[in-house]
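*Asks:* This is the structure I want to talk about, given as structure tokens.
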Amino acid sequence: MNNGWGHPHAMHKIGGNAPKVSLKEVPLRRILGMFRPYMGLLFFIVALALAGAVIGLLPPLVMKEMIDTAIPDKDIKMLVWLAVLLVALPVASGMLGVWQNYLNTKVAQGVMRDLRQGLFGNLQRQSIGFFTASRSGEVIQRVTDDVQAIQGVITNVVVSSIMQTVVLATSIGILFALDWRLALISVVVLPLSMLPVRKVATLRKKMRSETQKMRAQMSAQLGEVFGVSGAMLTRIFGREQSQEREFGALNKQVMDMELKLSLMGRWFLMFVGLLGPLGTAMIYLYGGYSVIQGTMTIGAIVAFAGYLGRLYQPFGTLLNLHVEVMTALGVFQRIFEYLDLKPDVIEREDAVSLPQAAGNISYEGVSYSYDGETEVLHGISFEAKPGEVVALVGPSGAGKTTLIGMIARLYDPTAGAVKLDGRDLRGIRIDSLRSQVAYVTQESFLFHATIRENLAFAKENATMEEMESACRKAFIHDFIVGLPQGYDTVVGERGHRLSGGERQRLSIARAILKDPVILLLDEETSHLDSESEAYVQAALQQLMKGRTTLVIAHRLSTILAADQILVIHDGRIAERGTHSELLERDGLYATLYDTQFQEASRDDARSQGDERRNPHPV
Ligand code: ADP
């Protein structure tokens, strides 16, 4: 499954083949629904904004009071108070503004936090199948950049639309009260400006989701190219320049798309901005005509035109907001797609907790298909008794990894059942199952953290003594204490600062610390130098002690120690038995032994005095 260079997609070309997905339409209702927990706060924000607007209307009245009352009455005290008020009012409305902005940002950031948290939680529930099919950069992009991309809309959508609607409604009222004929003329241009909204919005929405998709591709590639394995591969194949060129092409596409988006937004704003002049011109045209006819006064037109700004400006803002929301819908689709992902390994309502398993594993007619079309496992049946070691051998791609992953419910069988102590795994609570299973993979993945933290990943509250004891059993303790920072040494991305053998032993120590009933083991295909090899083997023996173990075996010593060997071929158990029984049959196992294990076995065999087809080794 893995090409040995870490990430299975490391060979993807830049600008490569992101899976085509058709995203579901997001109803506006759903977006507004995200604000539900913040309803109280939103009302308060609108109230603050309205209060600020009312205060903003007062200074002219204060001035009027000064001129009409305080000055004629020669009331100095009142004059001073009014002057203070002239300063105090803007200060008050300014402070309200700051408060409102703070709360508004709090709501917006709250909604974004909820989204990110929801995405994280749902991604944690996905099965491994999801992650093998996705690029990690793309996943990260949706949680971070996509959520960030809607910040503007989230911040403005509710408060701004309420405020502008209030202003718009009151303005229309005032205009009609002033002169219904002029008011009618000034509102007829409004529907006109709505004509391009749909088109612009649809276009921008498409472009926005395209750009986000490209950005996701970019993140995915960055993750691959600059991950240790990818970086190594790039250098070894001398692909720096071609990767740079490919990145450049994608980078330019993002730039061009963002430019287009911004330009289209600007064109639309300009179009909306034409509303004011157009309306004003019509008012003066009709008003001027009426003045000539003697049916209207010039003063009436000027006063009326003075109010037009309060009509067109909020209307334009609302239109633009609408387009912005529509544009953002493309991003919302991407976010909601991940939020709605249904995990294919789910916990049943009636699942029970299994505190301490005995460790009896049985596969009963298990089949599996990754894509729902081709089966990679067909009717696998076998049993592993508590404490038994079952070795799986067979050509690469036969289905061994898929088979053992089922015990940790990384995948569920498409047919048949895997049982632990006679109970179908699907009836056991996932956390209680996984707490009893350890999986030591070929990759020996370590986090970019200290050795201590990497160990604690297996057991959060492990004491230092427990960690050290596990490391001693894994023959890695002496090495660790020999490091300048000991257990506080940071192992680097994927543990690349350690040698292969050290990494393996550390991941074995991690599994020992977890102390599972069931052990899944995917032995390294690449063999280490004989000293490291001896350490790793000794560590593995410690780890397997007393646990039901399913091991994808690449070492002769492991096969020889197994209670049962299953030869997997094309998703079926082709042969089963012990080493000697299988050699006796002279079938697939014998061939495999000749080809696959001869090389690896030379050292083992020599050290154990074993010869080929010796039925009683050791
Ligand atoms: P083995 O461990 O014996 O090498 P695997 O279990 O890794 O075999 O793979 C069995 C088959 O399933 C192979 O044909 C492989 O290409 C396919 N396969 C493995 N992982 C996936 C996956 N995530 N998606 C689709 N097919 C997969």
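Residue numbers start at 1 in each chain; chains themselves are named A, B, ... in the order of the structure tokens; ligands are numbered from 1 in the order shown.
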When you look at Leu410 in chain A with a cut-off of 9 Å (counting only C-alpha atoms), what residues show up, excluding the ones that are within fewer than 6 positions of it in the same chain? I need them as a PDB file with N, CA and C atoms, in the first residue's frame.

*Replies:*
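Writing the result to part12.pdb gives the following:
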```
ATOM      1  N   SER A 127     -13.214   7.210   9.191  1.00  0.00           N
ATOM      2  CA  SER A 127     -12.375   6.015   9.211  1.00  0.00           C
ATOM      3  C   SER A 127     -11.109   6.280   8.394  1.00  0.00           C
ATOM      4  N   ILE A 128     -10.162   5.366   8.507  1.00  0.00           N
ATOM      5  CA  ILE A 128      -8.894   5.518   7.807  1.00  0.00           C
ATOM      6  C   ILE A 128      -9.106   5.617   6.295  1.00  0.00           C
ATOM      7  N   GLY A 129     -10.167   4.949   5.819  1.00  0.00           N
ATOM      8  CA  GLY A 129     -10.469   4.988   4.390  1.00  0.00           C
ATOM      9  C   GLY A 129     -10.576   6.417   3.877  1.00  0.00           C
ATOM     10  N   VAL A 345     -17.154   3.893   9.573  1.00  0.00           N
ATOM     11  CA  VAL A 345     -17.090   3.037  10.761  1.00  0.00           C
ATOM     12  C   VAL A 345     -17.841   3.792  11.853  1.00  0.00           C
ATOM     13  N   THR A 402      -5.006  -4.847   4.992  1.00  0.00           N
ATOM     14  CA  THR A 402      -6.447  -4.634   5.093  1.00  0.00           C
ATOM     15  C   THR A 402      -7.023  -5.571   6.147  1.00  0.00           C
TER      16      THR A 402
END
```

*Asks:* Residues contacting ligand 1 - anything with an atom at most 9 Å away, using only C-alpha atoms and all ligand atoms - can you give me those as a PyMOL selection string?

*Replies:* chain A and resi 1-2+128-133+368-371+374-377+392-405+522+552+568-571

*Asks:* Please list as an MDAnalysis selection string every residue within 12 Å of Leu308 in chain A, counting only C-alpha atoms and excluding residues in the same chain fewer than 6 positions away.

*Replies:* chainID A and resid 167:168 171:172 174:176 178 182:183 185:187 189:190 275:284 301:302 314:315

*Asks:* Could you pull out the strand (DSSP E or B) residues of range 273-369 of chain A from DSSP and send them as a list in words?

*Replies:* Val352, Ile361, Ser362, Tyr363, Glu364, Gly365, Val366, Ser367, Tyr368 and Ser369 of chain A

*Asks:* Those selected residues, please, written with all heavy atoms and delivered as an mmCIF file, in the first residue's frame.

*Replies:*
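What ended up in part30.cif:
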```cif
data_model
loop_
_atom_site.group_PDB
_atom_site.id
_atom_site.type_symbol
_atom_site.label_atom_id
_atom_site.label_comp_id
_atom_site.auth_asym_id
_atom_site.auth_seq_id
_atom_site.Cartn_x
_atom_site.Cartn_y
_atom_site.Cartn_z
ATOM 1 N N VAL A 352 -21.533 -2.239 23.384
ATOM 2 C CA VAL A 352 -21.204 -2.383 24.803
ATOM 3 C C VAL A 352 -19.713 -2.166 25.042
ATOM 4 O O VAL A 352 -18.900 -2.298 24.136
ATOM 5 C CB VAL A 352 -21.575 -3.786 25.349
ATOM 6 C CG1 VAL A 352 -23.051 -4.018 25.269
ATOM 7 C CG2 VAL A 352 -20.806 -4.859 24.596
ATOM 8 N N ILE A 361 -9.673 -14.010 18.883
ATOM 9 C CA ILE A 361 -10.093 -13.313 17.668
ATOM 10 C C ILE A 361 -10.570 -14.326 16.645
ATOM 11 O O ILE A 361 -9.902 -15.341 16.417
ATOM 12 C CB ILE A 361 -8.916 -12.528 17.063
ATOM 13 C CG1 ILE A 361 -8.508 -11.396 18.003
ATOM 14 C CG2 ILE A 361 -9.271 -11.961 15.695
ATOM 15 C CD1 ILE A 361 -7.203 -10.762 17.629
ATOM 16 N N SER A 362 -11.736 -14.046 16.055
ATOM 17 C CA SER A 362 -12.132 -14.926 14.961
ATOM 18 C C SER A 362 -12.660 -14.130 13.777
ATOM 19 O O SER A 362 -13.383 -13.155 13.947
ATOM 20 C CB SER A 362 -13.172 -15.942 15.439
ATOM 21 O OG SER A 362 -14.293 -15.266 15.947
ATOM 22 N N TYR A 363 -12.231 -14.548 12.613
ATOM 23 C CA TYR A 363 -12.721 -13.971 11.361
ATOM 24 C C TYR A 363 -13.705 -14.978 10.797
ATOM 25 O O TYR A 363 -13.384 -16.162 10.696
ATOM 26 C CB TYR A 363 -11.574 -13.777 10.372
ATOM 27 C CG TYR A 363 -10.800 -12.496 10.566
ATOM 28 C CD1 TYR A 363 -10.111 -12.266 11.747
ATOM 29 C CD2 TYR A 363 -10.759 -11.526 9.563
ATOM 30 C CE1 TYR A 363 -9.402 -11.092 11.931
ATOM 31 C CE2 TYR A 363 -10.046 -10.351 9.742
ATOM 32 C CZ TYR A 363 -9.370 -10.140 10.929
ATOM 33 O OH TYR A 363 -8.670 -8.977 11.110
ATOM 34 N N GLU A 364 -14.898 -14.509 10.477
ATOM 35 C CA GLU A 364 -15.905 -15.440 9.964
ATOM 36 C C GLU A 364 -16.393 -14.977 8.607
ATOM 37 O O GLU A 364 -17.184 -14.044 8.512
ATOM 38 C CB GLU A 364 -17.063 -15.550 10.965
ATOM 39 C CG GLU A 364 -16.584 -16.154 12.284
ATOM 40 C CD GLU A 364 -17.664 -16.192 13.354
ATOM 41 O OE1 GLU A 364 -18.824 -15.837 13.046
ATOM 42 O OE2 GLU A 364 -17.336 -16.570 14.488
ATOM 43 N N GLY A 365 -15.857 -15.575 7.575
ATOM 44 C CA GLY A 365 -16.270 -15.260 6.206
ATOM 45 C C GLY A 365 -16.133 -13.789 5.862
ATOM 46 O O GLY A 365 -17.036 -13.188 5.287
ATOM 47 N N VAL A 366 -14.986 -13.201 6.219
ATOM 48 C CA VAL A 366 -14.813 -11.761 6.042
ATOM 49 C C VAL A 366 -14.402 -11.398 4.613
ATOM 50 O O VAL A 366 -13.438 -11.932 4.070
ATOM 51 C CB VAL A 366 -13.758 -11.216 7.032
ATOM 52 C CG1 VAL A 366 -13.377 -9.788 6.687
ATOM 53 C CG2 VAL A 366 -14.281 -11.314 8.447
ATOM 54 N N SER A 367 -15.184 -10.489 4.015
ATOM 55 C CA SER A 367 -14.822 -9.940 2.708
ATOM 56 C C SER A 367 -14.721 -8.435 2.858
ATOM 57 O O SER A 367 -15.335 -7.848 3.742
ATOM 58 C CB SER A 367 -15.892 -10.263 1.670
ATOM 59 O OG SER A 367 -16.014 -11.658 1.549
ATOM 60 N N TYR A 368 -13.946 -7.825 1.987
ATOM 61 C CA TYR A 368 -13.843 -6.367 2.051
ATOM 62 C C TYR A 368 -13.577 -5.777 0.677
ATOM 63 O O TYR A 368 -12.852 -6.343 -0.138
ATOM 64 C CB TYR A 368 -12.726 -5.930 3.003
ATOM 65 C CG TYR A 368 -12.723 -4.438 3.173
ATOM 66 C CD1 TYR A 368 -13.724 -3.813 3.924
ATOM 67 C CD2 TYR A 368 -11.775 -3.636 2.538
ATOM 68 C CE1 TYR A 368 -13.761 -2.443 4.044
ATOM 69 C CE2 TYR A 368 -11.810 -2.265 2.660
ATOM 70 C CZ TYR A 368 -12.808 -1.668 3.419
ATOM 71 O OH TYR A 368 -12.852 -0.308 3.521
ATOM 72 N N SER A 369 -14.200 -4.628 0.463
ATOM 73 C CA SER A 369 -13.961 -3.886 -0.770
ATOM 74 C C SER A 369 -13.780 -2.415 -0.419
ATOM 75 O O SER A 369 -14.558 -1.857 0.343
ATOM 76 C CB SER A 369 -15.156 -4.062 -1.706
ATOM 77 O OG SER A 369 -15.122 -3.070 -2.692
#
```

*Asks:* Provide the CA of Thr297 in chain A to CA of Met63 in chain A distance in Å, to one decimal place.

*Replies:* 27.5 Å

*Asks:* Need to verify the contact set: range 430-444 of chain A, 7 Å, only C-alpha atoms, exclusion of same-chain residues closer than 3 positions in sequence. Can you return it as a PyMOL selection string?

*Replies:* chain A and resi 347+353-355+408+503-504+507-508+511+516-524

*Asks:* Just write the chosen residues, N, CA, C and O atoms, as a PDB file, in the first residue's frame.

*Replies:*
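The result, written out as again.pdb:
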```
ATOM      1  N   GLU A 347     -20.331   3.896  15.494  1.00  0.00           N
ATOM      2  CA  GLU A 347     -20.608   3.205  16.746  1.00  0.00           C
ATOM      3  C   GLU A 347     -22.106   2.947  16.841  1.00  0.00           C
ATOM      4  O   GLU A 347     -22.902   3.865  16.684  1.00  0.00           O
ATOM      5  N   SER A 353     -19.405  -1.814  26.258  1.00  0.00           N
ATOM      6  CA  SER A 353     -18.018  -1.622  26.636  1.00  0.00           C
ATOM      7  C   SER A 353     -17.437  -2.988  27.007  1.00  0.00           C
ATOM      8  O   SER A 353     -18.109  -3.800  27.623  1.00  0.00           O
ATOM      9  N   LEU A 354     -16.215  -3.230  26.582  1.00  0.00           N
ATOM     10  CA  LEU A 354     -15.586  -4.531  26.857  1.00  0.00           C
ATOM     11  C   LEU A 354     -14.338  -4.267  27.697  1.00  0.00           C
ATOM     12  O   LEU A 354     -13.260  -4.054  27.157  1.00  0.00           O
ATOM     13  N   PRO A 355     -14.486  -4.240  29.017  1.00  0.00           N
ATOM     14  CA  PRO A 355     -13.384  -3.758  29.851  1.00  0.00           C
ATOM     15  C   PRO A 355     -12.106  -4.580  29.710  1.00  0.00           C
ATOM     16  O   PRO A 355     -11.047  -4.038  29.503  1.00  0.00           O
ATOM     17  N   ALA A 408      -8.781  -3.348  14.605  1.00  0.00           N
ATOM     18  CA  ALA A 408      -8.888  -2.058  15.285  1.00  0.00           C
ATOM     19  C   ALA A 408     -10.068  -1.264  14.711  1.00  0.00           C
ATOM     20  O   ALA A 408     -10.241  -0.098  15.019  1.00  0.00           O
ATOM     21  N   ARG A 503      13.687   4.226  15.820  1.00  0.00           N
ATOM     22  CA  ARG A 503      12.287   4.609  15.655  1.00  0.00           C
ATOM     23  C   ARG A 503      11.387   3.394  15.911  1.00  0.00           C
ATOM     24  O   ARG A 503      10.383   3.480  16.599  1.00  0.00           O
ATOM     25  N   GLN A 504      11.785   2.272  15.346  1.00  0.00           N
ATOM     26  CA  GLN A 504      10.983   1.062  15.531  1.00  0.00           C
ATOM     27  C   GLN A 504      10.906   0.671  16.995  1.00  0.00           C
ATOM     28  O   GLN A 504       9.832   0.349  17.507  1.00  0.00           O
ATOM     29  N   SER A 507       8.631   2.897  18.866  1.00  0.00           N
ATOM     30  CA  SER A 507       7.205   2.629  18.660  1.00  0.00           C
ATOM     31  C   SER A 507       6.810   1.300  19.306  1.00  0.00           C
ATOM     32  O   SER A 507       5.670   1.122  19.713  1.00  0.00           O
ATOM     33  N   ILE A 508       7.775   0.405  19.452  1.00  0.00           N
ATOM     34  CA  ILE A 508       7.498  -0.837  20.195  1.00  0.00           C
ATOM     35  C   ILE A 508       7.316  -0.503  21.681  1.00  0.00           C
ATOM     36  O   ILE A 508       6.383  -0.985  22.330  1.00  0.00           O
ATOM     37  N   ALA A 511       3.965   0.763  22.273  1.00  0.00           N
ATOM     38  CA  ALA A 511       2.951  -0.293  22.312  1.00  0.00           C
ATOM     39  C   ALA A 511       3.018  -1.062  23.636  1.00  0.00           C
ATOM     40  O   ALA A 511       1.990  -1.419  24.209  1.00  0.00           O
ATOM     41  N   PRO A 516      -1.528  -3.741  25.460  1.00  0.00           N
ATOM     42  CA  PRO A 516      -2.782  -4.206  24.881  1.00  0.00           C
ATOM     43  C   PRO A 516      -2.945  -5.716  24.992  1.00  0.00           C
ATOM     44  O   PRO A 516      -1.971  -6.431  25.198  1.00  0.00           O
ATOM     45  N   VAL A 517      -4.187  -6.166  24.872  1.00  0.00           N
ATOM     46  CA  VAL A 517      -4.450  -7.599  24.845  1.00  0.00           C
ATOM     47  C   VAL A 517      -4.121  -8.138  23.450  1.00  0.00           C
ATOM     48  O   VAL A 517      -3.667  -9.259  23.287  1.00  0.00           O
ATOM     49  N   ILE A 518      -4.381  -7.273  22.473  1.00  0.00           N
ATOM     50  CA  ILE A 518      -4.187  -7.690  21.085  1.00  0.00           C
ATOM     51  C   ILE A 518      -3.115  -6.829  20.440  1.00  0.00           C
ATOM     52  O   ILE A 518      -3.108  -5.607  20.602  1.00  0.00           O
ATOM     53  N   LEU A 519      -2.257  -7.495  19.722  1.00  0.00           N
ATOM     54  CA  LEU A 519      -1.185  -6.759  19.067  1.00  0.00           C
ATOM     55  C   LEU A 519      -1.257  -6.975  17.563  1.00  0.00           C
ATOM     56  O   LEU A 519      -1.351  -8.110  17.091  1.00  0.00           O
ATOM     57  N   LEU A 520      -1.236  -5.867  16.825  1.00  0.00           N
ATOM     58  CA  LEU A 520      -1.160  -5.946  15.366  1.00  0.00           C
ATOM     59  C   LEU A 520       0.209  -5.438  14.988  1.00  0.00           C
ATOM     60  O   LEU A 520       0.647  -4.410  15.486  1.00  0.00           O
ATOM     61  N   LEU A 521       0.848  -6.196  14.138  1.00  0.00           N
ATOM     62  CA  LEU A 521       2.235  -5.857  13.866  1.00  0.00           C
ATOM     63  C   LEU A 521       2.487  -5.986  12.374  1.00  0.00           C
ATOM     64  O   LEU A 521       2.167  -6.998  11.766  1.00  0.00           O
ATOM     65  N   ASP A 522       3.022  -4.916  11.806  1.00  0.00           N
ATOM     66  CA  ASP A 522       3.402  -4.964  10.401  1.00  0.00           C
ATOM     67  C   ASP A 522       4.915  -4.827  10.379  1.00  0.00           C
ATOM     68  O   ASP A 522       5.444  -3.729  10.529  1.00  0.00           O
ATOM     69  N   GLU A 523       5.587  -5.942  10.227  1.00  0.00           N
ATOM     70  CA  GLU A 523       7.051  -5.903  10.305  1.00  0.00           C
ATOM     71  C   GLU A 523       7.646  -5.115   9.158  1.00  0.00           C
ATOM     72  O   GLU A 523       7.140  -5.145   8.047  1.00  0.00           O
ATOM     73  N   GLU A 524       8.753  -4.458   9.476  1.00  0.00           N
ATOM     74  CA  GLU A 524       9.484  -3.718   8.453  1.00  0.00           C
ATOM     75  C   GLU A 524       9.933  -4.669   7.355  1.00  0.00           C
ATOM     76  O   GLU A 524      10.384  -5.778   7.638  1.00  0.00           O
TER      77      GLU A 524
END
```

*Asks:* Identify, on the basis of only C-alpha atoms, every residue whose closest approach to range 556-564 of chain A does not exceed 6 Å; exclude the query and any residue fewer than 6 positions from it along the same chain; express the result as a ChimeraX atom specification.

*Replies:* /A:389-391,577-578,601

*Asks:* Rank nothing, just name the residue among A:Val158, A:Leu123, A:Ala305, A:Ile335 nearest to Gln212 in chain A, using only C-alpha atoms.

*Replies:* A:Ile335

*Asks:* Please return as JSON, numbers by chain: the residues of range 459-565 of chain A that backbone DSSP assigns to helix (DSSP H, G or I).

*Replies:* {"A": [464, 465, 466, 467, 468, 469, 470, 471, 472, 473, 477, 478, 479, 480, 481, 482, 486, 487, 488, 493, 494, 495, 500, 501, 502, 503, 504, 505, 506, 507, 508, 509, 510, 511, 512, 513, 514, 530, 531, 532, 533, 534, 535, 536, 537, 538, 539, 540, 541, 542, 543, 544, 556, 557, 558, 559, 560, 561]}

*Asks:* What are the nearest atom pairs, with distances in Å to one decimal, for all residues of range 28-84 of chain A that come at most 10 Å from range 109-116 of chain A, using only C-alpha atoms, set out by chain and rising residue number as CSV?

*Replies:*
```
residue,atom,partner,partner_atom,distance
A:Ile31,CA,A:Val111,CA,10.0
A:Met34,CA,A:Val111,CA,6.5
A:Phe35,CA,A:Val111,CA,6.8
A:Arg36,CA,A:Val111,CA,9.6
A:Pro37,CA,A:Val111,CA,8.9
A:Tyr38,CA,A:Gly110,CA,8.4
```

*Asks:* I need the residues from that last selection saved to file as a short mmCIF file (atom, residue, chain, number, x, y, z; two decimals), in the first residue's frame (with N, CA and C atoms), if you can.

*Replies:*
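Once everything was written out, this is result.cif:
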```cif
data_model
loop_
_atom_site.label_atom_id
_atom_site.label_comp_id
_atom_site.auth_asym_id
_atom_site.auth_seq_id
_atom_site.Cartn_x
_atom_site.Cartn_y
_atom_site.Cartn_z
N ILE A 31 -26.98 28.66 6.96
CA ILE A 31 -25.95 29.62 7.36
C ILE A 31 -26.47 30.45 8.53
N MET A 34 -26.36 28.90 11.99
CA MET A 34 -25.12 28.88 12.77
C MET A 34 -25.09 29.99 13.81
N PHE A 35 -25.97 31.00 13.60
CA PHE A 35 -25.98 32.13 14.53
C PHE A 35 -26.90 31.90 15.72
N ARG A 36 -27.62 30.77 15.67
CA ARG A 36 -28.64 30.55 16.70
C ARG A 36 -28.10 30.69 18.13
N PRO A 37 -26.91 30.10 18.43
CA PRO A 37 -26.45 30.23 19.82
C PRO A 37 -26.13 31.67 20.22
N TYR A 38 -26.07 32.55 19.24
CA TYR A 38 -25.63 33.92 19.53
C TYR A 38 -26.77 34.92 19.40
#
```

*Asks:* Under the rule that only C-alpha atoms are counted, which of A:Glu138, A:Glu502, A:Glu25, A:Glu246 is the nearest residue to Asp529 in chain A?

*Replies:*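 With only C-alpha atoms as the atom set, the closest residue is A:Glu502.
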
*Asks:* Pick out the residues sitting within 8 Å of Leu261 in chain A, and hand them over as a PyMOL selection string; count only C-alpha atoms, and ignore anything fewer than 6 positions along from it in its own chain.

*Replies:* chain A and resi 204+207-208

*Asks:* With distances taken over only C-alpha atoms, which residue among A:Val157, A:Leu319, A:Leu329, A:Val91 lies nearest Ser209 in chain A?

*Replies:*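 Among the listed residues, the smallest separation from Ser209 in chain A belongs to A:Leu329.
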
*Asks:* For Phe304 in chain A, which residue among A:Val84, A:Ile428, A:Leu269, A:Ala177 is the nearest when counting only C-alpha atoms?

*Replies:*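 Closest candidate: A:Ala177.
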
*Asks:* Between CA of Gln293 in chain A and CA of Gly306 in chain A, measure the distance and give it in Å to one decimal.

*Replies:*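 Answer for the CA of Gln293 in chain A to CA of Gly306 in chain A separation: 22.2 Å.
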
*Asks:* I need the residue nearest Asp344 in chain A from this list: A:Pro413, A:Ala88, A:Ser93, A:Tyr593. Use only C-alpha atoms for the distance.

*Replies:*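 Closest candidate: A:Pro413.
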
*Asks:* Would you kindly return, as number ranges by chain, each protein, DNA or RNA residue with an atom no farther than 10 Å from any atom of Lys213 in chain A, considering only C-alpha atoms and excluding same-chain residues fewer than 5 positions away?

*Replies:* A: 18, 138, 141-142, 146, 207-208, 218-219, 254, 331, 334

*Asks:* Could those selected residues go to a file with N, CA, C and O atoms, as a PDB file, in the first residue's frame?

*Replies:*
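Below is the file out02.pdb, written as the result:
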```pdb
ATOM      1  N   ALA A  18      -6.977  16.290  -8.335  1.00  0.00           N
ATOM      2  CA  ALA A  18      -7.844  16.337  -7.167  1.00  0.00           C
ATOM      3  C   ALA A  18      -9.164  15.679  -7.550  1.00  0.00           C
ATOM      4  O   ALA A  18      -9.624  15.842  -8.669  1.00  0.00           O
ATOM      5  N   GLU A 138      -5.360  19.249   1.808  1.00  0.00           N
ATOM      6  CA  GLU A 138      -6.737  19.625   1.471  1.00  0.00           C
ATOM      7  C   GLU A 138      -7.610  19.632   2.729  1.00  0.00           C
ATOM      8  O   GLU A 138      -8.424  20.526   2.944  1.00  0.00           O
ATOM      9  N   GLN A 141      -6.721  22.599   4.817  1.00  0.00           N
ATOM     10  CA  GLN A 141      -7.226  23.805   4.161  1.00  0.00           C
ATOM     11  C   GLN A 141      -8.682  24.087   4.535  1.00  0.00           C
ATOM     12  O   GLN A 141      -9.069  25.205   4.823  1.00  0.00           O
ATOM     13  N   ARG A 142      -9.488  23.036   4.547  1.00  0.00           N
ATOM     14  CA  ARG A 142     -10.915  23.272   4.808  1.00  0.00           C
ATOM     15  C   ARG A 142     -11.138  23.745   6.227  1.00  0.00           C
ATOM     16  O   ARG A 142     -12.023  24.541   6.493  1.00  0.00           O
ATOM     17  N   ASP A 146     -10.524  27.806   4.533  1.00  0.00           N
ATOM     18  CA  ASP A 146     -11.912  27.952   4.094  1.00  0.00           C
ATOM     19  C   ASP A 146     -12.746  28.663   5.146  1.00  0.00           C
ATOM     20  O   ASP A 146     -13.545  29.547   4.835  1.00  0.00           O
ATOM     21  N   MET A 207     -16.379  31.134  -9.095  1.00  0.00           N
ATOM     22  CA  MET A 207     -14.965  31.496  -9.056  1.00  0.00           C
ATOM     23  C   MET A 207     -14.386  31.330  -7.654  1.00  0.00           C
ATOM     24  O   MET A 207     -13.251  30.902  -7.481  1.00  0.00           O
ATOM     25  N   ARG A 208     -15.182  31.695  -6.662  1.00  0.00           N
ATOM     26  CA  ARG A 208     -14.703  31.592  -5.283  1.00  0.00           C
ATOM     27  C   ARG A 208     -14.412  30.135  -4.926  1.00  0.00           C
ATOM     28  O   ARG A 208     -13.373  29.816  -4.359  1.00  0.00           O
ATOM     29  N   MET A 218      -2.885  23.713  -3.522  1.00  0.00           N
ATOM     30  CA  MET A 218      -1.603  24.296  -3.188  1.00  0.00           C
ATOM     31  C   MET A 218      -1.152  23.806  -1.805  1.00  0.00           C
ATOM     32  O   MET A 218      -0.009  23.377  -1.640  1.00  0.00           O
ATOM     33  N   SER A 219      -2.061  23.869  -0.840  1.00  0.00           N
ATOM     34  CA  SER A 219      -1.694  23.404   0.514  1.00  0.00           C
ATOM     35  C   SER A 219      -1.294  21.945   0.470  1.00  0.00           C
ATOM     36  O   SER A 219      -0.322  21.538   1.108  1.00  0.00           O
ATOM     37  N   VAL A 254      -3.992  30.952  -9.112  1.00  0.00           N
ATOM     38  CA  VAL A 254      -4.665  31.510  -7.932  1.00  0.00           C
ATOM     39  C   VAL A 254      -4.685  33.026  -8.032  1.00  0.00           C
ATOM     40  O   VAL A 254      -5.713  33.676  -7.805  1.00  0.00           O
ATOM     41  N   VAL A 331     -17.825  28.602  -0.712  1.00  0.00           N
ATOM     42  CA  VAL A 331     -16.918  28.183   0.354  1.00  0.00           C
ATOM     43  C   VAL A 331     -17.703  27.413   1.421  1.00  0.00           C
ATOM     44  O   VAL A 331     -17.238  26.407   1.942  1.00  0.00           O
ATOM     45  N   ARG A 334     -18.058  23.871   0.613  1.00  0.00           N
ATOM     46  CA  ARG A 334     -16.879  23.062   0.912  1.00  0.00           C
ATOM     47  C   ARG A 334     -16.820  22.731   2.402  1.00  0.00           C
ATOM     48  O   ARG A 334     -16.480  21.620   2.790  1.00  0.00           O
TER      49      ARG A 334
END
```
